[in-house]
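File shown: start.pdb. Contents: PDB, C-alpha atoms.
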MODEL        1
ATOM      1  CA  ARG J   1     -82.830  62.328 -62.599
ATOM      2  CA  LYS J   2     -79.611  61.818 -64.527
ATOM      3  CA  ALA J   3     -77.577  61.556 -61.287
ATOM      4  CA  GLN J   4     -79.881  59.017 -59.596
ATOM      5  CA  PRO J   5     -78.677  55.864 -61.486
ATOM      6  CA  ALA J   6     -75.056  56.719 -60.728
ATOM      7  CA  ARG J   7     -75.843  57.211 -57.044
ATOM      8  CA  GLN J   8     -77.710  53.878 -56.874
ATOM      9  CA  ALA J   9     -74.841  52.079 -58.589
ATOM     10  CA  ASP J  10     -72.386  53.605 -56.108
ATOM     11  CA  GLU J  11     -74.542  52.506 -53.145
ATOM     12  CA  ALA J  12     -74.790  48.985 -54.571
ATOM     13  CA  ARG J  13     -71.012  48.845 -55.016
ATOM     14  CA  HIS J  14     -70.393  49.887 -51.398
ATOM     15  CA  ALA J  15     -73.002  47.398 -50.167
ATOM     16  CA  LYS J  16     -71.450  44.517 -52.116
ATOM     17  CA  GLU J  17     -67.962  45.475 -51.036
ATOM     18  CA  ALA J  18     -69.154  45.413 -47.398
ATOM     19  CA  LEU J  19     -70.666  41.963 -47.974
ATOM     20  CA  VAL J  20     -67.378  40.717 -49.448
ATOM     21  CA  VAL J  21     -65.333  42.075 -46.508
ATOM     22  CA  GLU J  22     -67.694  40.430 -43.974
ATOM     23  CA  ALA J  23     -67.673  37.155 -45.955
ATOM     24  CA  GLU J  24     -63.864  37.118 -45.984
ATOM     25  CA  GLU J  25     -63.814  37.658 -42.202
ATOM     26  CA  LEU J  26     -66.355  34.865 -41.701
ATOM     27  CA  ALA J  27     -64.239  32.533 -43.847
ATOM     28  CA  ARG J  28     -61.656  32.472 -41.028
ATOM     29  CA  SER J  29     -64.216  31.798 -38.258
ATOM     30  CA  ASP J  30     -64.464  28.551 -36.253
ATOM     31  CA  GLN J  31     -68.040  29.298 -35.217
ATOM     32  CA  TRP J  32     -69.289  26.848 -37.802
ATOM     33  CA  ARG J  33     -73.045  27.094 -37.251
ATOM     34  CA  ALA J  34     -73.285  30.845 -36.699
ATOM     35  CA  ALA J  35     -70.847  31.711 -39.510
ATOM     36  CA  GLY J  36     -72.580  29.339 -41.931
ATOM     37  CA  GLU J  37     -75.983  30.839 -41.194
ATOM     38  CA  ARG J  38     -74.584  34.363 -41.587
ATOM     39  CA  LEU J  39     -72.994  33.519 -44.959
ATOM     40  CA  ARG J  40     -76.330  32.179 -46.215
ATOM     41  CA  ALA J  41     -77.963  35.427 -45.099
ATOM     42  CA  LEU J  42     -75.273  37.403 -46.951
ATOM     43  CA  VAL J  43     -76.072  35.486 -50.168
ATOM     44  CA  ASP J  44     -79.727  36.481 -49.844
ATOM     45  CA  THR J  45     -78.713  40.101 -49.278
ATOM     46  CA  TRP J  46     -76.400  39.954 -52.320
ATOM     47  CA  LYS J  47     -79.219  38.675 -54.503
ATOM     48  CA  GLY J  48     -81.375  41.618 -53.456
ATOM     49  CA  LEU J  49     -78.819  44.168 -54.608
ATOM     50  CA  PRO J  50     -78.731  45.530 -58.198
ATOM     51  CA  ARG J  51     -75.973  44.357 -60.546
ATOM     52  CA  LEU J  52     -72.946  46.532 -61.181
ATOM     53  CA  ASP J  53     -71.023  46.741 -64.387
ATOM     54  CA  ARG J  54     -70.016  43.255 -65.446
ATOM     55  CA  LYS J  55     -66.312  43.530 -64.600
ATOM     56  CA  SER J  56     -66.827  45.019 -61.151
ATOM     57  CA  ASP J  57     -69.682  42.660 -60.320
ATOM     58  CA  ASP J  58     -67.710  39.590 -61.427
ATOM     59  CA  GLU J  59     -64.655  40.620 -59.376
ATOM     60  CA  LEU J  60     -66.684  41.202 -56.212
ATOM     61  CA  TRP J  61     -68.689  37.979 -56.702
ATOM     62  CA  HIS J  62     -65.474  36.034 -57.231
ATOM     63  CA  ARG J  63     -64.103  37.278 -53.895
ATOM     64  CA  PHE J  64     -67.468  36.641 -52.206
ATOM     65  CA  SER J  65     -67.752  33.133 -53.640
ATOM     66  CA  HIS J  66     -64.126  32.328 -52.806
ATOM     67  CA  ALA J  67     -64.708  33.318 -49.166
ATOM     68  CA  ARG J  68     -67.755  31.041 -48.977
ATOM     69  CA  SER J  69     -65.817  28.160 -50.562
ATOM     70  CA  ALA J  70     -62.872  28.626 -48.202
ATOM     71  CA  PHE J  71     -65.207  28.531 -45.198
ATOM     72  CA  SER J  72     -67.026  25.458 -46.556
ATOM     73  CA  LYS J  73     -63.725  23.662 -47.174
ATOM     74  CA  ARG J  74     -62.435  24.419 -43.644
ATOM     75  CA  ARG J  75     -65.723  23.349 -42.087
ATOM     76  CA  LYS J  76     -65.750  20.111 -44.063
ATOM     77  CA  ALA J  77     -62.148  19.329 -43.020
ATOM     78  CA  HIS J  78     -62.983  20.091 -39.381
ATOM     79  CA  PHE J  79     -65.971  17.769 -39.280
ATOM     80  CA  ALA J  80     -64.079  15.068 -41.186
ATOM     81  CA  GLN J  81     -61.359  15.219 -38.521
ATOM     82  CA  LEU J  82     -64.023  15.212 -35.801
ATOM     83  CA  ASP J  83     -65.651  12.147 -37.357
ATOM     84  CA  ALA J  84     -62.280  10.386 -37.473
ATOM     85  CA  GLN J  85     -61.650  11.220 -33.812
ATOM     86  CA  ARG J  86     -65.088   9.984 -32.839
ATOM     87  CA  GLU J  87     -64.542   6.779 -34.775
ATOM     88  CA  GLU J  88     -61.257   6.237 -32.907
ATOM     89  CA  ALA J  89     -63.072   6.968 -29.640
ATOM     90  CA  ARG J  90     -65.761   4.431 -30.585
ATOM     91  CA  LYS J  91     -63.149   1.740 -31.259
ATOM     92  CA  ALA J  92     -61.316   2.516 -28.010
ATOM     93  CA  LYS J  93     -64.554   2.421 -26.016
ATOM     94  CA  GLU J  94     -65.590  -0.838 -27.663
ATOM     95  CA  ARG J  95     -62.367  -2.349 -26.296
ATOM     96  CA  LEU J  96     -63.004  -0.851 -22.855
ATOM     97  CA  VAL J  97     -66.566  -2.207 -22.837
ATOM     98  CA  ALA J  98     -65.345  -5.665 -23.823
ATOM     99  CA  GLU J  99     -62.849  -5.728 -20.934
ATOM    100  CA  ALA J 100     -65.384  -4.293 -18.475
ATOM    101  CA  GLU J 101     -67.912  -6.986 -19.423
ATOM    102  CA  ALA J 102     -65.253  -9.716 -19.122
ATOM    103  CA  LEU J 103     -64.397  -8.514 -15.595
ATOM    104  CA  SER J 104     -68.004  -8.235 -14.391
ATOM    105  CA  ASP J 105     -68.115 -11.764 -12.895
ATOM    106  CA  SER J 106     -64.643 -11.551 -11.275
ATOM    107  CA  THR J 107     -64.377 -12.326  -7.558
ATOM    108  CA  ASP J 108     -60.849 -10.951  -7.268
ATOM    109  CA  TRP J 109     -62.327  -7.913  -5.564
ATOM    110  CA  GLY J 110     -59.347  -5.649  -4.897
ATOM    111  CA  PRO J 111     -57.417  -5.861  -8.197
ATOM    112  CA  THR J 112     -60.623  -5.866 -10.267
ATOM    113  CA  ALA J 113     -62.004  -2.767  -8.532
ATOM    114  CA  ALA J 114     -58.642  -1.044  -9.160
ATOM    115  CA  ARG J 115     -58.792  -2.056 -12.840
ATOM    116  CA  TYR J 116     -62.320  -0.650 -13.166
ATOM    117  CA  ARG J 117     -61.023   2.685 -11.858
ATOM    118  CA  GLU J 118     -58.291   2.597 -14.517
ATOM    119  CA  LEU J 119     -60.849   1.743 -17.199
ATOM    120  CA  MET J 120     -62.958   4.729 -16.141
ATOM    121  CA  ALA J 121     -59.931   7.028 -16.469
ATOM    122  CA  GLU J 122     -59.223   5.575 -19.935
ATOM    123  CA  TRP J 123     -62.889   6.052 -20.886
ATOM    124  CA  LYS J 124     -62.766   9.752 -20.013
ATOM    125  CA  ALA J 125     -59.491  10.184 -21.879
ATOM    126  CA  ALA J 126     -60.849   8.498 -25.026
ATOM    127  CA  GLY J 127     -63.199  11.373 -25.903
ATOM    128  CA  ARG J 128     -66.740  11.101 -27.222
ATOM    129  CA  ALA J 129     -67.845   8.653 -29.884
ATOM    130  CA  GLN J 130     -70.603   9.373 -32.402
ATOM    131  CA  ARG J 131     -73.849  10.293 -30.717
ATOM    132  CA  GLU J 132     -75.642   7.168 -31.949
ATOM    133  CA  HIS J 133     -72.954   4.966 -30.327
ATOM    134  CA  GLU J 134     -71.978   6.914 -27.210
ATOM    135  CA  ASP J 135     -75.065   6.240 -25.082
ATOM    136  CA  ASP J 136     -75.192   2.534 -25.926
ATOM    137  CA  LEU J 137     -71.487   2.060 -25.172
ATOM    138  CA  TRP J 138     -71.796   3.934 -21.886
ATOM    139  CA  ASN J 139     -74.814   1.891 -20.794
ATOM    140  CA  ARG J 140     -72.928  -1.344 -21.462
ATOM    141  CA  PHE J 141     -69.774  -0.080 -19.731
ATOM    142  CA  ARG J 142     -71.649   1.180 -16.684
ATOM    143  CA  GLY J 143     -73.824  -1.922 -16.572
ATOM    144  CA  ALA J 144     -70.764  -4.211 -16.407
ATOM    145  CA  GLN J 145     -69.353  -2.191 -13.504
ATOM    146  CA  ASP J 146     -72.696  -2.252 -11.703
ATOM    147  CA  VAL J 147     -72.819  -6.060 -11.913
ATOM    148  CA  PHE J 148     -69.332  -6.382 -10.395
ATOM    149  CA  PHE J 149     -69.767  -3.798  -7.636
ATOM    150  CA  ALA J 150     -73.212  -5.110  -6.680
ATOM    151  CA  ALA J 151     -71.740  -8.616  -6.278
ATOM    152  CA  ARG J 152     -68.822  -7.219  -4.278
ATOM    153  CA  SER J 153     -71.148  -5.247  -1.996
ATOM    154  CA  SER J 154     -73.253  -8.347  -1.383
ATOM    155  CA  VAL J 155     -70.205 -10.442  -0.479
ATOM    156  CA  PHE J 156     -68.767  -7.695   1.713
ATOM    157  CA  ALA J 157     -72.078  -7.239   3.521
ATOM    158  CA  GLU J 158     -72.260 -10.984   4.171
ATOM    159  CA  ARG J 159     -68.627 -11.006   5.287
ATOM    160  CA  ASP J 160     -69.181  -8.021   7.589
ATOM    161  CA  ALA J 161     -72.147  -9.761   9.206
ATOM    162  CA  GLU J 162     -70.085 -12.936   9.670
ATOM    163  CA  GLN J 163     -67.138 -11.007  11.116
ATOM    164  CA  SER J 164     -69.418  -9.138  13.526
ATOM    165  CA  GLU J 165     -70.682 -12.493  14.809
ATOM    166  CA  ASN J 166     -67.066 -13.736  15.041
ATOM    167  CA  LEU J 167     -66.190 -10.670  17.115
ATOM    168  CA  LYS J 168     -69.009 -11.417  19.525
ATOM    169  CA  LEU J 169     -67.775 -15.015  19.958
ATOM    170  CA  LYS J 170     -64.151 -13.926  20.457
ATOM    171  CA  GLU J 171     -65.149 -11.337  23.045
ATOM    172  CA  GLU J 172     -66.895 -14.113  24.980
ATOM    173  CA  LEU J 173     -63.730 -16.251  24.803
ATOM    174  CA  ALA J 174     -61.545 -13.300  25.918
ATOM    175  CA  GLU J 175     -63.840 -12.861  28.910
ATOM    176  CA  GLU J 176     -63.553 -16.584  29.684
ATOM    177  CA  ALA J 177     -59.739 -16.350  29.481
ATOM    178  CA  GLU J 178     -59.630 -13.295  31.749
ATOM    179  CA  LYS J 179     -61.442 -15.273  34.455
ATOM    180  CA  LEU J 180     -58.306 -17.453  34.731
ATOM    181  CA  LEU J 181     -56.551 -14.518  36.399
ATOM    182  CA  PRO J 182     -55.022 -14.340  38.913
ATOM    183  CA  ILE J 183     -53.448 -17.758  38.294
ATOM    184  CA  ALA J 184     -53.734 -20.080  41.286
ATOM    185  CA  ASP J 185     -53.303 -23.489  39.596
ATOM    186  CA  LEU J 186     -50.824 -23.064  36.718
ATOM    187  CA  LYS J 187     -51.395 -26.508  35.208
ATOM    188  CA  ALA J 188     -55.190 -26.122  35.176
ATOM    189  CA  ALA J 189     -54.944 -22.544  33.859
ATOM    190  CA  ARG J 190     -52.612 -23.616  31.062
ATOM    191  CA  ALA J 191     -54.990 -26.424  29.980
ATOM    192  CA  ALA J 192     -58.006 -24.118  30.123
ATOM    193  CA  PHE J 193     -56.236 -21.425  28.057
ATOM    194  CA  ARG J 194     -55.198 -24.028  25.464
ATOM    195  CA  SER J 195     -58.846 -25.056  25.063
ATOM    196  CA  ILE J 196     -59.947 -21.433  24.771
ATOM    197  CA  ASN J 197     -57.232 -20.719  22.186
ATOM    198  CA  GLU J 198     -58.233 -23.713  20.042
ATOM    199  CA  ARG J 199     -61.826 -22.438  19.932
ATOM    200  CA  TRP J 200     -60.497 -18.933  19.209
ATOM    201  CA  GLU J 201     -58.484 -20.101  16.176
ATOM    202  CA  ALA J 202     -61.506 -21.953  14.777
ATOM    203  CA  ILE J 203     -63.717 -18.872  14.726
ATOM    204  CA  GLY J 204     -62.126 -16.872  11.880
ATOM    205  CA  HIS J 205     -61.663 -13.186  11.136
ATOM    206  CA  VAL J 206     -63.177 -10.219  12.967
ATOM    207  CA  PRO J 207     -63.578  -6.618  11.684
ATOM    208  CA  ARG J 208     -60.144  -5.058  11.190
ATOM    209  CA  ASP J 209     -60.765  -2.064  13.459
ATOM    210  CA  ALA J 210     -61.779  -4.348  16.371
ATOM    211  CA  ARG J 211     -58.913  -6.830  15.967
ATOM    212  CA  PRO J 212     -56.220  -5.087  18.124
ATOM    213  CA  ARG J 213     -58.619  -4.612  21.030
ATOM    214  CA  VAL J 214     -59.960  -8.164  21.268
ATOM    215  CA  GLU J 215     -56.603  -9.812  20.502
ATOM    216  CA  GLY J 216     -54.950  -7.576  23.110
ATOM    217  CA  ARG J 217     -57.200  -9.037  25.800
ATOM    218  CA  MET J 218     -56.079 -12.581  24.931
ATOM    219  CA  HIS J 219     -52.419 -11.548  24.755
ATOM    220  CA  SER J 220     -52.643 -10.094  28.273
ATOM    221  CA  VAL J 221     -53.814 -13.442  29.656
ATOM    222  CA  GLU J 222     -51.144 -15.256  27.615
ATOM    223  CA  ARG J 223     -48.412 -12.997  29.034
ATOM    224  CA  ALA J 224     -49.646 -13.631  32.579
ATOM    225  CA  LEU J 225     -49.413 -17.387  31.938
ATOM    226  CA  GLN J 226     -45.896 -17.035  30.553
ATOM    227  CA  GLU J 227     -44.790 -15.030  33.571
ATOM    228  CA  ALA J 228     -46.298 -17.646  35.899
ATOM    229  CA  GLU J 229     -44.516 -20.411  34.001
ATOM    230  CA  GLU J 230     -41.203 -18.564  34.246
ATOM    231  CA  ALA J 231     -41.668 -18.079  37.984
ATOM    232  CA  GLU J 232     -42.509 -21.783  38.359
ATOM    233  CA  TRP J 233     -39.425 -22.752  36.397
ATOM    234  CA  ARG J 234     -37.201 -20.552  38.523
ATOM    235  CA  ARG J 235     -38.761 -22.013  41.704
ATOM    236  CA  THR J 236     -38.273 -25.643  40.632
ATOM    237  CA  ASN J 237     -34.954 -25.383  38.806
ATOM    238  CA  PRO J 238     -32.409 -27.361  40.943
ATOM    239  CA  GLU J 239     -29.353 -25.692  39.409
ATOM    240  CA  ALA J 240     -30.710 -22.228  40.037
ATOM    241  CA  ARG J 241     -31.686 -23.245  43.583
ATOM    242  CA  ALA J 242     -28.181 -24.588  44.230
ATOM    243  CA  ARG J 243     -26.612 -21.368  42.937
ATOM    244  CA  ALA J 244     -28.921 -19.284  45.132
ATOM    245  CA  GLU J 245     -28.135 -21.394  48.190
ATOM    246  CA  GLY J 246     -24.391 -21.178  47.508
ATOM    247  CA  LEU J 247     -24.495 -17.415  47.116
ATOM    248  CA  THR J 248     -26.538 -17.044  50.281
ATOM    249  CA  GLY J 249     -24.067 -19.180  52.236
ATOM    250  CA  GLN J 250     -21.091 -17.173  50.979
ATOM    251  CA  LEU J 251     -22.728 -13.865  51.872
ATOM    252  CA  GLN J 252     -23.746 -15.131  55.325
ATOM    253  CA  ALA J 253     -20.183 -16.267  56.023
ATOM    254  CA  ALA J 254     -18.811 -12.901  54.899
ATOM    255  CA  VAL J 255     -21.250 -11.031  57.160
ATOM    256  CA  ASP J 256     -20.368 -13.237  60.161
ATOM    257  CA  LYS J 257     -16.651 -12.735  59.544
ATOM    258  CA  LEU J 258     -17.084  -8.950  59.324
ATOM    259  CA  LYS J 259     -18.989  -8.967  62.618
ATOM    260  CA  ASP J 260     -16.068 -10.725  64.340
ATOM    261  CA  GLN J 261     -13.597  -8.243  62.817
ATOM    262  CA  ILE J 262     -15.694  -5.309  63.964
ATOM    263  CA  GLU J 263     -15.832  -6.621  67.564
ATOM    264  CA  GLN J 264     -12.068  -7.216  67.513
ATOM    265  CA  ALA J 265     -11.335  -3.681  66.238
ATOM    266  CA  ARG J 266     -13.546  -2.142  68.878
ATOM    267  CA  SER J 267     -11.954  -4.247  71.635
ATOM    268  CA  GLN J 268      -8.585  -2.906  70.488
ATOM    269  CA  GLY J 269      -9.923   0.651  70.614
ATOM    270  CA  ASN J 270      -9.631   1.130  66.798
ATOM    271  CA  ALA J 271     -12.912   2.975  66.201
ATOM    272  CA  ALA J 272     -11.988   4.128  62.680
ATOM    273  CA  LYS J 273     -11.321   0.574  61.508
ATOM    274  CA  ALA J 274     -14.516  -0.618  63.200
ATOM    275  CA  ASP J 275     -16.600   2.050  61.365
ATOM    276  CA  LYS J 276     -15.046   1.145  58.017
ATOM    277  CA  LEU J 277     -15.758  -2.537  58.585
ATOM    278  CA  GLU J 278     -19.320  -1.698  59.660
ATOM    279  CA  LYS J 279     -20.022   0.014  56.347
ATOM    280  CA  GLU J 280     -18.699  -2.980  54.480
ATOM    281  CA  ARG J 281     -20.857  -5.281  56.617
ATOM    282  CA  GLU J 282     -23.975  -3.201  55.817
ATOM    283  CA  GLY J 283     -23.290  -3.582  52.091
ATOM    284  CA  ARG J 284     -22.854  -7.356  52.401
ATOM    285  CA  GLN J 285     -25.981  -7.581  54.589
ATOM    286  CA  ALA J 286     -28.042  -5.816  51.874
ATOM    287  CA  LEU J 287     -26.831  -8.341  49.301
ATOM    288  CA  LEU J 288     -27.603 -11.174  51.730
ATOM    289  CA  ASP J 289     -31.137  -9.910  52.294
ATOM    290  CA  GLN J 290     -31.704  -9.774  48.527
ATOM    291  CA  ALA J 291     -30.303 -13.301  48.071
ATOM    292  CA  LEU J 292     -32.514 -14.653  50.878
ATOM    293  CA  LYS J 293     -35.559 -13.087  49.212
ATOM    294  CA  GLY J 294     -34.648 -14.803  45.929
ATOM    295  CA  LEU J 295     -34.156 -18.087  47.747
ATOM    296  CA  GLN J 296     -37.704 -17.843  49.092
ATOM    297  CA  GLU J 297     -38.990 -18.134  45.517
ATOM    298  CA  PHE J 298     -37.611 -21.655  45.532
ATOM    299  CA  GLY J 299     -39.511 -22.401  48.741
ATOM    300  CA  GLY J 300     -36.263 -22.163  50.715
TER     301      GLY J 300
ENDMDL
END

Write the structure described by the file as C-alpha cells, please.
Amino acid sequence: RKAQPARQADEARHAKEALVVEAEELARSDQWRAAGERLRALVDTWKGLPRLDRKSDDELWHRFSHARSAFSKRRKAHFAQLDAQREEARKAKERLVAEAEALSDSTDWGPTAARYRELMAEWKAAGRAQREHEDDLWNRFRGAQDVFFAARSSVFAERDAEQSENLKLKEELAEEAEKLLPIADLKAARAAFRSINERWEAIGHVPRDARPRVEGRMHSVERALQEAEEAEWRRTNPEARARAEGLTGQLQAAVDKLKDQIEQARSQGNAAKADKLEKEREGRQALLDQALKGLQEFGG
C-alpha cells in the first residue's frame, strides 16, 4: 500500500511527459485541422491525469502550453497570409471580370477571342479568392465570355451560310465561263468573260477551303483567253509578219543556192563535196519548214 502512490505518480509523470513530447511534435505540423484536433484531445487527456509535485507539474505544463501556443501562432500566421493572398486574388479577379465584361459586346472577333484566352490564363494564375467571392466572380467572368462567344458563333454561322450560297453562285459562273472553251470567236468570248467576271466580283467571299478550287476554274478560262489573244496578236502583227516573211525568203534562197551547188559538184564528179553540201541543205530546209509553219499563223 505504501508503494502504490509512488507508482501512480511515476505513471502520471511518464504519461504527461509523453503528452508533452507529442504536443511539441504537433507544434511543427502543417496539418492544421488534424493537429489542432489532436492537441485539444491531448488537453482533455492531461486534465484526466493526476497532478505531480508542483515543480514537476509546472515544468511539464509550461512545455505543453508552449507547444500549443507555438502551433496556434503558426496556424494564425498561415491563415492570415492565406487571407491576404485570397484578398489579392479577389482584387486581381475583379479587374479581370471588369475587362471581360467590357469586351463582351466587341465585334473584333479575332483579337478579342485571343484576349479572352489570355484573361483565362491570368485568372488561373491569380489563385482562389475567398469562398464567398470566388463563385460570384467566376459566374460574372464566365458569363461575359459566353455573351461574346455566343455573338461570335451567331455571326460566323450567318457568314458561313452566306459564303456557302456565294460558293454555289460562283460555281455556276465558273461553269458558264468554261462553256466559252474552246474559243471560236475571241471578241465574243472576251466580252462574255468580262460580264461573268463582273458578276463574280459582286458576289463576295466563299469558304476558305473551297476558294482555290473554284477560283482555279476561272483562272483556267482566263489563261485560255490570254493565250488566244497572244496568238491573235502574233497573227495580226505586221512587223512580226514582215520579219517572218523575210526570214522565210532568206532561207528559201539559201536552200535553192545549195541545190545548185550540189548539182554542180555532182556534175564535176566531186561526190564528197556534194554530200557535205547536202547535209547543209537538209539543215537549212528544216529551218525553212519551221519558218513556213510560223508564217501560216499569220495566214500566209

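Atom CA of Arg86 of chain J lies 27.5 Å from atom CA of Val147 of chain J.
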
Exercise. Using all atoms listed in the file, which of the listed residues (J:Arg243, J:Arg266, J:Arg211, J:Lys257) sits closest to Glu280 of chain J?
Worked result: J:Lys257

Problem set entry | Distance criterion (all atoms listed in the file): nearest to Ala286 of chain J out of J:Val255, J:Ala202, J:Ala125, J:Leu82 |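 Closest to Ala286 of chain J of all the choices is J:Val255.
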
Exercise. Of the candidates J:Gln226, J:Arg194, J:Asp209, J:Ser104, which one gets nearest to Gly143 of chain J if we count only C-alpha atoms?
Worked result: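 Among J:Gln226, J:Arg194, J:Asp209, J:Ser104, it is J:Ser104 that comes nearest to Gly143 of chain J.
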
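When atom CA of Ala92 of chain J is paired with atom CA of Arg152 of chain J, their separation reads 26.7 Å.
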
Exercise. Between atom CA of Ala27 of chain J and atom CA of Ala70 of chain J, what is the spacing in Å?
Worked result: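 Atom CA of Ala27 of chain J lies at a distance of 6.0 Å from atom CA of Ala70 of chain J.
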
Can you translate the PyMOL selection byres ((chain J and resi 287) around 12) into the concrete residues it hits in this file, as a compact mmCIF listing (two decimals) with C-alpha atoms, in the frame of the given file?
# COMPACT_ATOMS: atom_id res chain seq x y z
CA ALA J 244 -28.92 -19.28 45.13
CA LEU J 247 -24.50 -17.42 47.12
CA THR J 248 -26.54 -17.04 50.28
CA GLY J 249 -24.07 -19.18 52.24
CA GLN J 250 -21.09 -17.17 50.98
CA LEU J 251 -22.73 -13.86 51.87
CA GLN J 252 -23.75 -15.13 55.32
CA ALA J 254 -18.81 -12.90 54.90
CA VAL J 255 -21.25 -11.03 57.16
CA GLU J 280 -18.70 -2.98 54.48
CA ARG J 281 -20.86 -5.28 56.62
CA GLU J 282 -23.98 -3.20 55.82
CA GLY J 283 -23.29 -3.58 52.09
CA ARG J 284 -22.85 -7.36 52.40
CA GLN J 285 -25.98 -7.58 54.59
CA ALA J 286 -28.04 -5.82 51.87
CA LEU J 288 -27.60 -11.17 51.73
CA ASP J 289 -31.14 -9.91 52.29
CA GLN J 290 -31.70 -9.77 48.53
CA ALA J 291 -30.30 -13.30 48.07
CA LEU J 292 -32.51 -14.65 50.88
CA LYS J 293 -35.56 -13.09 49.21
CA GLY J 294 -34.65 -14.80 45.93

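For segment 56-69 of chain J, the non-local neighbours within 9 Å, defined as residues at least 2 positions apart in the same chain or in other chains and counting only C-alpha atoms, are J:Arg13, J:Lys16, J:Glu17, J:Leu19, J:Val20, J:Val21, J:Ala23, J:Glu24, J:Glu25, J:Leu26, J:Ala27, J:Arg28, J:Gly36, J:Leu39, J:Val43, J:Arg51, J:Leu52, J:Asp53, J:Arg54, J:Phe71, J:Ser72, J:Lys73, J:Arg74.
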
Problem set entry | All residues 9 Å or closer to Pro207 of chain J, all atoms listed in the file, same chain fewer than 5 positions away omitted, as a PyMOL selection string | chain J and resi 160+163-164+166-167

For this session: Apply the PyMOL selection byres ((chain J and resi 221) around 9) to the displayed file and report the matching residues as a ChimeraX atom specification.
Result: /J:174,177-178,180-181,193,216-220,222-226

Problem set entry | Residues within 8 Å of Leu103 of chain J, only C-alpha atoms, excluding chain neighbours under 6 positions, as JSON, numbers by chain | {"J": [112, 144, 148]}

Keeping C-alpha atoms, export the residues of the selection given above as an mmCIF file, keeping the file's coordinate frame.
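Done, and the output landed in result16.cif:
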data_model
loop_
_atom_site.group_PDB
_atom_site.id
_atom_site.type_symbol
_atom_site.label_atom_id
_atom_site.label_comp_id
_atom_site.auth_asym_id
_atom_site.auth_seq_id
_atom_site.Cartn_x
_atom_site.Cartn_y
_atom_site.Cartn_z
ATOM 1 C CA THR J 112 -60.623 -5.866 -10.267
ATOM 2 C CA ALA J 144 -70.764 -4.211 -16.407
ATOM 3 C CA PHE J 148 -69.332 -6.382 -10.395
#

For this session: Identify which of the residues J:Ala272, J:Ala100, J:Leu277, J:Leu169 lies closest to Asp260 of chain J, counting all atoms listed in the file when measuring atom-to-atom distances.
Result: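 For Asp260 of chain J, the nearest of the given residues is J:Leu277.
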
Axis-aligned box for segment 281-288 of chain J, 4 Å per side, centre and edges in Å as AutoDock Vina command-line options:
--center_x -24.4 --center_y -7.2 --center_z 53.0 --size_x 15.2 --size_y 16.0 --size_z 15.3

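Ranking J:Glu227, J:Ala274, J:Lys170, J:Asn139 by their shortest atom-to-atom distance to Pro182 of chain J, with all atoms listed in the file included, puts J:Glu227 first.
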
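Remark: for Ala126 of chain J, the closest of the candidate residues J:Gln31, J:Gln8, J:Gln85, J:Gln261 is J:Gln85 (distances computed over all atoms listed in the file).
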